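Enquirer: Okay, so here is entry_25.txt, and as you'll see once you scroll down, it has compact mmCIF, C-alpha atoms and all ligand atoms.
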# COMPACT_ATOMS: atom_id res chain seq x y z
CA MET L 50 162.16 -11.23 -26.63
CA LEU L 51 161.71 -7.92 -28.35
CA LYS L 52 159.92 -5.16 -26.52
CA ALA L 53 157.60 -2.39 -27.61
CA GLY L 54 156.82 0.51 -25.29
CA ILE L 55 153.40 2.20 -25.25
CA ILE L 56 153.79 5.90 -24.63
CA GLY L 57 151.60 9.00 -24.79
CA LEU L 58 150.28 11.82 -22.63
CA PRO L 59 148.11 10.94 -19.62
CA ASN L 60 144.47 10.06 -20.36
CA VAL L 61 144.94 9.18 -24.01
CA GLY L 62 144.00 5.52 -23.49
CA LYS L 63 147.38 3.80 -23.01
CA SER L 64 146.37 1.64 -20.07
CA THR L 65 143.04 0.74 -21.63
CA LEU L 66 144.91 -0.38 -24.74
CA PHE L 67 147.57 -2.21 -22.76
CA ASN L 68 144.98 -4.08 -20.70
CA ALA L 69 143.10 -5.03 -23.85
CA LEU L 70 146.32 -6.36 -25.38
CA VAL L 71 147.09 -8.48 -22.33
CA GLU L 72 143.53 -9.69 -21.67
CA ASN L 73 143.17 -10.61 -25.31
CA ALA L 74 146.40 -12.58 -25.18
CA LYS L 75 145.15 -14.40 -22.09
CA ALA L 76 141.86 -15.25 -23.73
CA GLN L 77 143.57 -16.51 -26.87
CA ALA L 78 146.23 -18.60 -25.21
CA ALA L 79 144.83 -20.64 -22.37
CA ASN L 80 148.10 -22.56 -22.20
CA PHE L 81 150.01 -19.37 -21.60
CA PRO L 82 148.58 -18.01 -18.38
CA PHE L 83 151.35 -15.73 -17.24
CA CYS L 84 150.89 -12.96 -19.70
CA THR L 85 151.45 -10.14 -17.29
CA ILE L 86 154.96 -10.25 -15.93
CA GLU L 87 154.63 -7.04 -13.99
CA PRO L 88 151.63 -4.74 -13.80
CA ASN L 89 152.86 -2.79 -16.78
CA LYS L 90 154.45 -5.55 -18.81
CA GLY L 91 152.63 -8.12 -20.90
CA ILE L 92 153.52 -10.79 -23.40
CA VAL L 93 151.32 -10.86 -26.45
CA SER L 94 150.96 -13.42 -29.25
CA VAL L 95 151.47 -12.23 -32.80
CA PRO L 96 148.35 -13.25 -34.74
CA ASP L 97 149.25 -15.22 -37.86
CA GLN L 98 146.69 -16.89 -40.09
CA ARG L 99 149.35 -19.19 -41.57
CA LEU L 100 149.88 -21.04 -38.28
CA GLN L 101 146.40 -22.57 -38.24
CA GLU L 102 146.71 -23.76 -41.82
CA LEU L 103 150.10 -25.32 -41.21
CA GLY L 104 148.80 -26.88 -38.00
CA ASN L 105 145.88 -28.43 -39.93
CA LEU L 106 148.23 -29.77 -42.58
CA SER L 107 150.43 -31.46 -39.99
CA CYS L 108 147.54 -32.44 -37.65
CA SER L 109 149.48 -30.68 -34.89
CA GLN L 110 148.37 -31.06 -31.30
CA ASN L 111 149.54 -27.57 -30.43
CA ILE L 112 149.82 -24.28 -32.23
CA ILE L 113 152.29 -21.86 -30.78
CA PRO L 114 152.44 -18.29 -32.05
CA THR L 115 155.44 -16.05 -31.66
CA LYS L 116 155.35 -13.27 -29.08
CA ILE L 117 156.25 -9.67 -28.36
CA GLU L 118 156.44 -7.94 -25.02
CA PHE L 119 154.49 -4.74 -24.56
CA VAL L 120 155.34 -2.28 -21.82
CA ASP L 121 152.89 0.39 -20.64
CA ILE L 122 155.13 3.37 -19.98
CA ALA L 123 153.07 5.85 -18.00
CA GLY L 124 154.14 9.19 -16.67
CA LEU L 125 155.14 11.37 -19.53
CA VAL L 126 154.20 14.99 -19.01
CA LYS L 127 155.59 18.24 -20.28
CA GLY L 128 159.00 18.73 -18.68
CA ALA L 129 159.81 15.00 -18.27
CA SER L 130 163.27 15.54 -19.73
CA LYS L 131 163.88 17.98 -16.86
CA GLY L 132 162.66 15.43 -14.34
CA GLU L 133 159.01 16.54 -14.08
CA GLY L 134 156.43 13.83 -13.34
CA LEU L 135 158.14 10.48 -13.38
CA GLY L 136 160.63 12.18 -15.68
CA ASN L 137 163.86 10.29 -15.75
CA LYS L 138 162.34 6.95 -14.83
CA PHE L 139 159.99 7.29 -17.75
CA LEU L 140 162.82 8.09 -20.12
CA SER L 141 164.98 5.22 -18.96
CA ASN L 142 162.01 2.88 -19.46
CA ILE L 143 161.80 4.01 -23.05
CA ARG L 144 165.53 3.50 -23.48
CA GLU L 145 164.99 -0.22 -22.82
CA VAL L 146 162.44 -0.86 -25.57
CA ASP L 147 163.12 -1.73 -29.19
CA ALA L 148 160.17 0.16 -30.66
CA ILE L 149 157.64 2.75 -29.58
CA VAL L 150 153.86 2.77 -29.94
CA HIS L 151 152.78 6.36 -29.45
CA VAL L 152 149.09 6.51 -28.51
CA VAL L 153 147.42 9.75 -29.57
CA ARG L 154 144.04 10.82 -28.30
CA CYS L 155 141.68 11.34 -31.21
CA PHE L 156 138.42 11.00 -29.27
CA GLU L 157 136.35 13.68 -27.61
CA ASP L 158 134.77 12.84 -24.27
CA SER L 159 133.95 15.55 -21.79
CA ASP L 160 134.16 12.98 -18.97
CA VAL L 161 137.81 12.29 -19.71
CA ILE L 162 140.00 15.25 -18.86
CA HIS L 163 142.62 16.22 -21.39
CA VAL L 164 145.87 17.44 -19.84
CA SER L 165 145.99 20.47 -22.14
CA GLY L 166 142.26 21.19 -21.90
CA LYS L 167 141.41 20.27 -25.49
CA VAL L 168 141.93 17.43 -27.94
CA ASP L 169 144.73 18.40 -30.29
CA PRO L 170 146.69 15.39 -31.53
CA LEU L 171 149.47 17.29 -33.29
CA ASP L 172 150.05 19.40 -30.21
CA ASP L 173 150.18 16.22 -28.08
CA ILE L 174 152.65 14.60 -30.45
CA GLU L 175 154.80 17.70 -30.37
CA ILE L 176 154.88 17.75 -26.55
CA ILE L 177 156.05 14.16 -26.38
CA ASN L 178 158.47 14.37 -29.26
CA LEU L 179 160.01 17.48 -27.75
CA GLU L 180 160.65 15.67 -24.46
CA LEU L 181 162.27 12.77 -26.29
CA ASN L 182 164.29 15.19 -28.37
CA LEU L 183 165.49 17.09 -25.28
CA ALA L 184 166.42 13.85 -23.55
CA ASP L 185 168.52 12.87 -26.56
CA LEU L 186 170.16 16.27 -26.69
CA SER L 187 171.12 16.04 -23.05
CA GLN L 188 172.44 12.49 -23.53
CA LEU L 189 174.42 13.63 -26.55
CA GLN L 190 175.91 16.67 -24.83
CA LYS L 191 176.99 14.58 -21.84
CA ARG L 192 178.75 12.19 -24.18
CA ARG L 193 180.49 15.01 -26.07
CA GLU L 194 181.65 16.43 -22.76
CA ARG L 195 183.00 13.03 -21.73
CA ILE L 196 185.03 12.46 -24.90
CA LYS L 197 186.15 16.08 -25.23
CA LYS L 198 189.68 15.45 -23.98
CA GLN L 199 190.23 12.41 -26.18
CA VAL L 200 189.22 14.18 -29.38
CA ARG L 201 192.69 15.62 -29.95
CA THR L 202 194.54 12.35 -29.41
CA SER L 203 192.17 9.66 -30.61
CA LYS L 204 190.97 9.34 -34.20
CA GLU L 205 187.98 7.31 -33.05
CA ALA L 206 186.89 9.93 -30.56
CA ALA L 207 187.31 12.67 -33.15
CA LYS L 208 185.14 10.74 -35.58
CA GLU L 209 182.46 10.21 -32.96
CA ASP L 210 182.53 13.86 -31.98
CA THR L 211 182.09 15.03 -35.57
CA LEU L 212 179.13 12.71 -35.96
CA LEU L 213 177.61 13.84 -32.67
CA GLU L 214 178.02 17.44 -33.70
CA LYS L 215 176.08 16.77 -36.88
CA ILE L 216 173.32 15.02 -34.92
CA GLU L 217 173.24 17.80 -32.34
CA GLU L 218 172.53 20.38 -35.05
CA GLU L 219 169.57 18.32 -36.29
CA LEU L 220 168.20 17.70 -32.81
CA GLU L 221 168.44 21.42 -32.11
CA LYS L 222 166.23 22.04 -35.12
CA GLY L 223 163.67 19.75 -33.45
CA LEU L 224 164.30 16.77 -35.73
CA SER L 225 164.53 13.17 -34.57
CA VAL L 226 167.64 11.01 -34.93
CA ARG L 227 165.43 8.60 -36.91
CA SER L 228 165.06 11.20 -39.66
CA ILE L 229 168.81 11.76 -40.15
CA SER L 230 170.31 9.62 -42.84
CA LEU L 231 173.26 7.73 -41.34
CA ASN L 232 175.43 4.99 -42.78
CA GLU L 233 176.04 1.63 -41.14
CA GLU L 234 179.24 2.71 -39.41
CA GLU L 235 177.59 5.84 -38.03
CA ASN L 236 174.63 3.85 -36.78
CA LEU L 237 177.02 1.54 -34.98
CA ILE L 238 178.79 4.47 -33.31
CA ILE L 239 175.57 5.93 -31.92
CA LYS L 240 173.96 2.61 -31.00
CA GLN L 241 175.46 2.61 -27.51
CA LEU L 242 173.91 6.00 -26.80
CA GLY L 243 170.41 4.52 -27.15
CA PHE L 244 168.82 7.66 -28.57
CA LEU L 245 165.08 7.69 -27.92
CA THR L 246 164.23 9.45 -31.16
CA ALA L 247 166.18 6.83 -33.12
CA LYS L 248 163.74 4.10 -32.15
CA PRO L 249 161.18 3.01 -34.72
CA ILE L 250 157.74 4.41 -33.95
CA ILE L 251 154.07 3.76 -34.78
CA TYR L 252 151.39 6.32 -34.08
CA ALA L 253 148.19 4.71 -32.82
CA THR L 254 145.25 7.07 -33.12
CA ASN L 255 142.75 6.21 -30.40
CA LEU L 256 139.21 6.77 -31.65
CA ASN L 257 135.67 6.48 -30.36
CA GLU L 258 133.83 3.43 -31.65
CA ASN L 259 131.80 5.33 -34.22
CA ASP L 260 134.91 6.80 -35.81
CA LEU L 261 136.88 3.57 -35.96
CA ALA L 262 135.92 2.64 -39.52
CA GLU L 263 136.47 5.98 -41.22
CA GLY L 264 138.67 7.86 -38.78
CA ASN L 265 137.97 11.52 -38.04
CA ASP L 266 139.62 14.90 -38.62
CA PHE L 267 141.95 14.33 -35.68
CA SER L 268 143.20 10.98 -36.94
CA SER L 269 143.57 12.34 -40.49
CA THR L 270 145.96 15.04 -39.28
CA VAL L 271 148.02 12.40 -37.46
CA GLN L 272 147.98 10.23 -40.56
CA SER L 273 149.40 13.06 -42.70
CA PHE L 274 151.96 13.93 -40.04
CA ALA L 275 153.11 10.29 -39.94
CA SER L 276 153.36 10.00 -43.72
CA ASN L 277 155.49 13.14 -43.83
CA GLU L 278 157.76 11.57 -41.22
CA ASN L 279 157.72 8.29 -43.11
CA THR L 280 156.37 6.50 -40.07
CA GLU L 281 153.39 4.27 -39.68
CA CYS L 282 150.00 5.24 -38.30
CA ILE L 283 147.13 2.94 -37.40
CA LYS L 284 143.58 3.42 -36.13
CA ILE L 285 142.44 1.73 -32.94
CA SER L 286 139.76 2.16 -30.36
CA ALA L 287 141.02 1.17 -26.95
CA GLN L 288 137.47 1.30 -25.66
CA VAL L 289 136.16 -1.03 -28.35
CA GLU L 290 139.03 -3.41 -27.61
CA SER L 291 138.22 -3.48 -23.93
CA GLU L 292 134.57 -4.22 -24.75
CA LEU L 293 135.47 -6.95 -27.25
CA ILE L 294 137.23 -8.94 -24.55
CA GLU L 295 133.94 -9.44 -22.74
CA LEU L 296 132.13 -10.83 -25.78
CA GLU L 297 131.73 -14.33 -27.19
CA PRO L 298 133.34 -14.84 -30.65
CA GLU L 299 130.00 -14.63 -32.52
CA ASP L 300 128.93 -11.47 -30.70
CA LYS L 301 132.38 -10.02 -31.35
CA LYS L 302 131.91 -10.46 -35.05
CA ASP L 303 128.47 -8.83 -34.99
CA TYR L 304 129.73 -5.94 -32.93
CA LEU L 305 132.61 -5.31 -35.37
CA ILE L 306 130.31 -5.60 -38.40
CA GLY L 307 128.06 -3.05 -36.72
CA LEU L 308 131.03 -0.70 -36.48
CA GLY L 309 131.92 -1.30 -40.13
CA VAL L 310 135.31 -2.91 -39.48
CA GLU L 311 136.73 -6.40 -39.78
CA GLU L 312 138.91 -6.22 -36.72
CA GLY L 313 139.24 -3.82 -33.84
CA GLY L 314 142.77 -2.71 -34.58
CA LEU L 315 144.58 -4.73 -31.94
CA SER L 316 145.76 -7.41 -34.34
CA SER L 317 146.92 -4.83 -36.82
CA LEU L 318 148.75 -2.99 -34.03
CA ILE L 319 150.56 -6.18 -33.03
CA ARG L 320 151.39 -7.06 -36.62
CA SER L 321 152.61 -3.54 -37.42
CA THR L 322 154.79 -3.52 -34.32
CA TYR L 323 156.30 -6.81 -35.37
CA LYS L 324 157.06 -5.40 -38.80
CA LEU L 325 158.40 -2.22 -37.31
CA LEU L 326 160.88 -4.21 -35.27
CA GLY L 327 162.29 -5.60 -38.53
CA LEU L 328 161.23 -9.11 -37.57
CA LYS L 329 160.48 -12.14 -39.68
CA THR L 330 158.77 -15.41 -38.94
CA TYR L 331 159.73 -18.91 -39.88
CA PHE L 332 157.87 -22.05 -38.90
CA THR L 333 158.53 -25.54 -37.66
CA THR L 334 155.69 -27.98 -38.04
CA GLY L 335 154.93 -31.55 -37.05
CA GLU L 336 152.37 -33.67 -35.24
CA LYS L 337 153.43 -32.44 -31.83
CA GLU L 338 153.30 -28.77 -32.65
CA THR L 339 153.36 -26.04 -35.24
CA LYS L 340 155.33 -23.11 -34.03
CA ALA L 341 156.25 -19.63 -35.27
CA TRP L 342 159.76 -18.42 -34.51
CA THR L 343 160.97 -14.86 -34.62
CA ILE L 344 164.19 -13.90 -36.36
CA LYS L 345 165.75 -10.65 -37.42
CA ASP L 346 165.95 -9.70 -41.04
CA GLY L 347 169.05 -11.18 -42.69
CA MET L 348 169.60 -14.09 -40.30
CA THR L 349 171.23 -17.22 -41.73
CA ALA L 350 169.85 -20.73 -41.29
CA PRO L 351 172.23 -21.60 -38.39
CA GLN L 352 171.34 -18.33 -36.63
CA ALA L 353 167.65 -19.07 -37.10
CA ALA L 354 168.23 -22.56 -35.68
CA GLY L 355 169.96 -20.91 -32.72
CA VAL L 356 166.71 -19.16 -31.83
CA ILE L 357 165.31 -22.60 -30.98
CA HIS L 358 168.40 -23.77 -29.14
CA THR L 359 172.05 -22.74 -29.15
CA ASP L 360 173.03 -26.39 -29.76
CA PHE L 361 171.11 -26.28 -33.03
CA GLU L 362 173.29 -23.40 -34.15
CA LYS L 363 176.58 -24.91 -32.99
CA GLY L 364 175.93 -28.31 -34.56
CA PHE L 365 174.07 -27.07 -37.64
CA ILE L 366 174.48 -29.30 -40.68
CA ARG L 367 171.65 -28.28 -43.02
CA ALA L 368 168.00 -27.33 -43.09
CA GLN L 369 165.16 -28.89 -45.06
CA THR L 370 163.33 -25.82 -46.27
CA ILE L 371 160.14 -25.00 -48.13
CA SER L 372 158.16 -21.81 -48.43
CA TYR L 373 154.86 -21.70 -46.57
CA GLN L 374 152.88 -21.23 -49.78
CA ASN L 375 154.56 -24.12 -51.60
CA LEU L 376 153.86 -26.43 -48.69
CA ILE L 377 150.21 -25.43 -48.43
CA ASP L 378 149.77 -25.75 -52.21
CA SER L 379 151.35 -29.22 -52.13
CA GLY L 380 149.07 -30.41 -49.35
CA SER L 381 151.78 -32.36 -47.51
CA ILE L 382 155.54 -32.58 -47.02
CA ALA L 383 155.55 -35.87 -48.95
CA ASN L 384 153.86 -34.30 -51.97
CA ALA L 385 156.21 -31.32 -51.82
CA LYS L 386 159.16 -33.69 -51.81
CA THR L 387 157.88 -35.52 -54.89
CA LYS L 388 157.47 -32.21 -56.66
CA GLY L 389 161.05 -31.29 -55.77
CA LEU L 390 159.94 -28.27 -53.74
CA LEU L 391 161.72 -29.28 -50.54
CA ARG L 392 165.21 -27.79 -50.60
CA SER L 393 168.28 -28.62 -48.58
CA GLU L 394 169.86 -25.34 -47.44
CA GLY L 395 173.31 -24.88 -45.94
CA LYS L 396 175.07 -22.53 -43.54
CA GLU L 397 175.00 -19.49 -45.83
CA TYR L 398 171.27 -19.57 -46.49
CA ILE L 399 169.42 -16.40 -45.50
CA VAL L 400 166.05 -17.39 -44.10
CA ASN L 401 163.00 -15.96 -45.88
CA GLU L 402 159.76 -14.77 -44.36
CA GLY L 403 157.42 -17.75 -44.06
CA ASP L 404 160.00 -20.51 -44.56
CA VAL L 405 159.02 -23.82 -43.04
CA MET L 406 162.19 -25.47 -41.76
CA GLU L 407 163.52 -28.64 -40.25
CA PHE L 408 167.07 -28.60 -38.96
CA LEU L 409 169.62 -31.36 -39.12
CA PHE L 410 172.37 -30.94 -36.58
CA ASN L 411 175.17 -32.74 -34.71
CA VAL L 412 174.85 -33.01 -30.97
P1 LIG B 501 146.21 6.60 -19.96
O1 LIG B 501 146.37 7.61 -18.88
O2 LIG B 501 146.76 7.09 -21.26
O3 LIG B 501 146.70 5.25 -19.60
O4 LIG B 501 144.63 6.52 -20.22
P2 LIG B 501 143.58 5.44 -19.74
O5 LIG B 501 143.70 4.19 -20.55
O6 LIG B 501 143.60 5.31 -18.26
O7 LIG B 501 142.23 6.15 -20.22
C1 LIG B 501 141.80 7.36 -19.65
C2 LIG B 501 140.28 7.41 -19.74
O8 LIG B 501 139.89 7.50 -21.11
C3 LIG B 501 139.60 6.19 -19.16
O9 LIG B 501 138.47 6.63 -18.44
C4 LIG B 501 139.19 5.41 -20.40
O10 LIG B 501 138.03 4.65 -20.16
C5 LIG B 501 138.94 6.51 -21.41
N1 LIG B 501 139.16 6.06 -22.79
C6 LIG B 501 140.19 5.32 -23.28
N2 LIG B 501 140.03 5.11 -24.62
C7 LIG B 501 138.88 5.72 -24.96
C8 LIG B 501 138.16 5.86 -26.20
O11 LIG B 501 138.55 5.34 -27.27
N3 LIG B 501 137.01 6.61 -26.14
C9 LIG B 501 136.54 7.17 -24.98
N4 LIG B 501 135.42 7.89 -25.00
N5 LIG B 501 137.18 7.04 -23.83
C10 LIG B 501 138.32 6.34 -23.80
Once you've parsed the file, please lay out its structure as C-alpha cells.
Expert:
Amino acid sequence: MLKAGIIGLPNVGKSTLFNALVENAKAQAANFPFCTIEPNKGIVSVPDQRLQELGNLSCSQNIIPTKIEFVDIAGLVKGASKGEGLGNKFLSNIREVDAIVHVVRCFEDSDVIHVSGKVDPLDDIEIINLELNLADLSQLQKRRERIKKQVRTSKEAAKEDTLLEKIEEELEKGLSVRSISLNEEENLIIKQLGFLTAKPIIYATNLNENDLAEGNDFSSTVQSFASNENTECIKISAQVESELIELEPEDKKDYLIGLGVEEGGLSSLIRSTYKLLGLKTYFTTGEKETKAWTIKDGMTAPQAAGVIHTDFEKGFIRAQTISYQNLIDSGSIANAKTKGLLRSEGKEYIVNEGDVMEFLFNV
C-alpha cells in the first residue's frame, strides 16, 4: 500500500488532521475496524462516487474502496537535519513515504503557540524545506564520498558522480530535487538515494472555519508559492474536520453549508494525494462486491490483475473490459454486451482510469 507522510512544524494542526482522517475512515467503514496500525499510522479509504453507482448497478452486497496509508510524522524543528529534535528519526520516517502532505498553519489563535512566535506560512515552509534540502545534501555528499575511488575506473560510477555533482549545485542554491529536470535514466540512478525533496508534495493550508470557503491572505501566499513550484495546494480546516466527525450526516451538511463549502477538505486531500502518487483506479463489480483497485499509471492488464492476486497475473488470458461511463450509460453488463461496448483485452492492454474489468485466467 502506498504511503503519504504528514509533515509540518509543531502546532500547525498535523495531529488534528491525522486524527480526523483516521476517525473519518473508521466512521465510514464499519467493516474495517483496524484503521490505526500504530498511533501515528492510519489506513484511509479513497472516496469515490463511482463505487456506489457501480454497486447499485450490480446490486452488490459490499462496496470496498481503495486505500492509502497516512503517517503522522511529528518532530520536525529547525536543525532536524543536524539531529535536533527527533532529527534523524524524523528524516528516516519521511524517507519511507511515497508522497508528502506538508501542513502549513494559516490560522491565527493566540491560545495555540507558534514555534516562531508569529504565523508566517512562507517562513514555515522555508524552515522545513531547508531541513529536507540539507538532509538531501548530506545524503548526496556521503554517496559521492563513497564512490569517489571508483570514479576513475568505473564508467557507471563516473556517470553517477557527474549527475550527483549537477544535483549538488542545485541543492546548494536551495532548490529541491523535484524541480530539476532529469531523464528516465537519471531518475533511476538517484532512486536508490531516496532524496526527500524528490518526493511529490501537496501543501495543505490549515485554516480557521470562517476562512475555509475563501481562504485568507496566508493561504493565498502559499497558493502562489505552490503554483510557482508547480505543486498542488489545498485548503483544509483540521478543526472543522475534527468537529465534523462528531456530527450526524444531516447536521454535517448543515454545518458545511453554514461555512459556505461543500466538503471540509478531507476528501479532496485524500483524492489529491492519490493523484499525486500517480495512481489510477480500476473496478471489479458483481453481486458479492464492487471493489476499487489501485494501480500505477501505465500498468498492463496482467499487472493490474496481479494486484488482486499474483496467480491472476501468472495465468492471465484476457480481460473483459468496459469503461465506467459506458457501463453506467448502458445500465447493465448485458446491455453493454449487446451494444458491443464490452471489449476483450489481451496482455499488452494498458489499463485506463475507471476501467471495469473481469479477468479470465488459468490456474
Ligand atoms: P501538530 O503539533 O502539528 O500535530 O498540531 P496539533 O494538531 O496538535 O494542533 C495544535 C493545536 O492547534 C491544537 O490545540 C489544535 O486544537 C489547534 N488547531 C489545529 N487546527 C486548528 C485550526 O484550524 N484552527 C485553530 N484555531 N486551532 C487549530
Enquirer: Neighbours of ligand LIG 501 (chain B) within 10 Å, counting all atoms listed in the file, as a ChimeraX atom specification?
Expert: /L:55-69,121-125,152-164,254-261,285-291
Enquirer: Is there a way to get, as an NGL selection string, all residues within 12 Å of the point (151.4, 6.2, -40.1) in file coordinates, counting all atoms listed in the file?
Expert: :L and (150-153 or 249-254 or 268-284 or 318 or 321-322 or 325)
Enquirer: So how many Å separate CA of Val310 (chain L) and CA of Glu263 (chain L), to one decimal?
Expert: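 One can read the CA of Val310 (chain L) to CA of Glu263 (chain L) distance as 9.1 Å.
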Enquirer: Compute the distance from (159.6, 0.4, -14.6) to each atom, counting all atoms listed in the file, keep the residues with any atom at most 8 Å away, and return them as a PDB file with C-alpha atoms, in the coordinates of the input; use the coordinates of the file.
Expert:
ATOM      1  CA  ASN L  89     152.860  -2.790 -16.780  1.00  0.00           C
ATOM      2  CA  ILE L 122     155.130   3.370 -19.980  1.00  0.00           C
ATOM      3  CA  LYS L 138     162.340   6.950 -14.830  1.00  0.00           C
ATOM      4  CA  PHE L 139     159.990   7.290 -17.750  1.00  0.00           C
ATOM      5  CA  ASN L 142     162.010   2.880 -19.460  1.00  0.00           C
TER       6      ASN L 142
END
Enquirer: Give me, please, the distance in Å between CA of Glu209 (chain L) and CA of Glu234 (chain L), quoted to one decimal.
Expert: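 Answer for the CA of Glu209 (chain L) to CA of Glu234 (chain L) separation: 10.4 Å.
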Enquirer: Using CA of Val120 (chain L) and CA of Gly347 (chain L) as the two end points, give the distance in Å to one decimal.
Expert: 26.5 Å
Enquirer: Contacts between region 90-109 of chain L and region 250-321 of chain L, please, where a residue of region 250-321 of chain L counts if it comes within 10 Å (with only C-alpha atoms); show its shortest atom pair and distance in Å to one decimal, rows by chain and ascending number, as CSV.
Expert:
residue,atom,partner,partner_atom,distance
L:Leu315,CA,L:Pro96,CA,9.7
L:Ser316,CA,L:Pro96,CA,6.4
L:Ser317,CA,L:Pro96,CA,8.8
L:Leu318,CA,L:Val95,CA,9.7
L:Ile319,CA,L:Val95,CA,6.1
L:Arg320,CA,L:Val95,CA,6.4
L:Ser321,CA,L:Val95,CA,9.9
Enquirer: Rank L:Pro298, L:Pro170, L:Gly327, L:Gly395 by their smallest atom-to-atom distance to Gln369 (chain L), using only C-alpha atoms, and report the top residue only.
Expert: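 Closest candidate: L:Gly395.
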Enquirer: Set the distance at 8 Å and use only C-alpha atoms: which residues neighbour Val400 (chain L) once local chain neighbours fewer than 2 positions away are removed? I'd like the list as a short mmCIF file (atom, residue, chain, number, x, y, z; two decimals) with C-alpha atoms, keeping the file's coordinate frame.
Expert:
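What follows is the written file around_20.cif:
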data_model
loop_
_atom_site.label_atom_id
_atom_site.label_comp_id
_atom_site.auth_asym_id
_atom_site.auth_seq_id
_atom_site.Cartn_x
_atom_site.Cartn_y
_atom_site.Cartn_z
CA TYR L 331 159.73 -18.91 -39.88
CA GLY L 347 169.05 -11.18 -42.69
CA MET L 348 169.60 -14.09 -40.30
CA THR L 349 171.23 -17.22 -41.73
CA ALA L 350 169.85 -20.73 -41.29
CA ALA L 353 167.65 -19.07 -37.10
CA TYR L 398 171.27 -19.57 -46.49
CA GLU L 402 159.76 -14.77 -44.36
CA ASP L 404 160.00 -20.51 -44.56
#
Enquirer: Restricting the calculation to only C-alpha atoms, which member of L:Ile238, L:Ile196, L:Leu245, L:Leu179 is positioned closest to Glu221 (chain L)?
Expert: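 Smallest distance to Glu221 (chain L) is found for L:Leu179.
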Enquirer: Within 10 Å of Ile294 (chain L), counting all atoms listed in the file, which residues qualify if same-chain residues fewer than 5 places away don't, as a PyMOL selection string?
Expert: chain L and resi 68-70+72-76+289+301
Enquirer: May I have the residues from that selection written out with C-alpha atoms, as a short mmCIF file (atom, residue, chain, number, x, y, z; two decimals), in the frame of the given file?
Expert:
data_model
loop_
_atom_site.label_atom_id
_atom_site.label_comp_id
_atom_site.auth_asym_id
_atom_site.auth_seq_id
_atom_site.Cartn_x
_atom_site.Cartn_y
_atom_site.Cartn_z
CA ASN L 68 144.98 -4.08 -20.70
CA ALA L 69 143.10 -5.03 -23.85
CA LEU L 70 146.32 -6.36 -25.38
CA GLU L 72 143.53 -9.69 -21.67
CA ASN L 73 143.17 -10.61 -25.31
CA ALA L 74 146.40 -12.58 -25.18
CA LYS L 75 145.15 -14.40 -22.09
CA ALA L 76 141.86 -15.25 -23.73
CA VAL L 289 136.16 -1.03 -28.35
CA LYS L 301 132.38 -10.02 -31.35
#
Enquirer: Taking into account only C-alpha atoms, which residue in the set L:Lys222, L:Arg367, L:Lys324, L:Lys127 is nearest to Arg392 (chain L)?
Expert: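 Among L:Lys222, L:Arg367, L:Lys324, L:Lys127, it is L:Arg367 that comes nearest to Arg392 (chain L).
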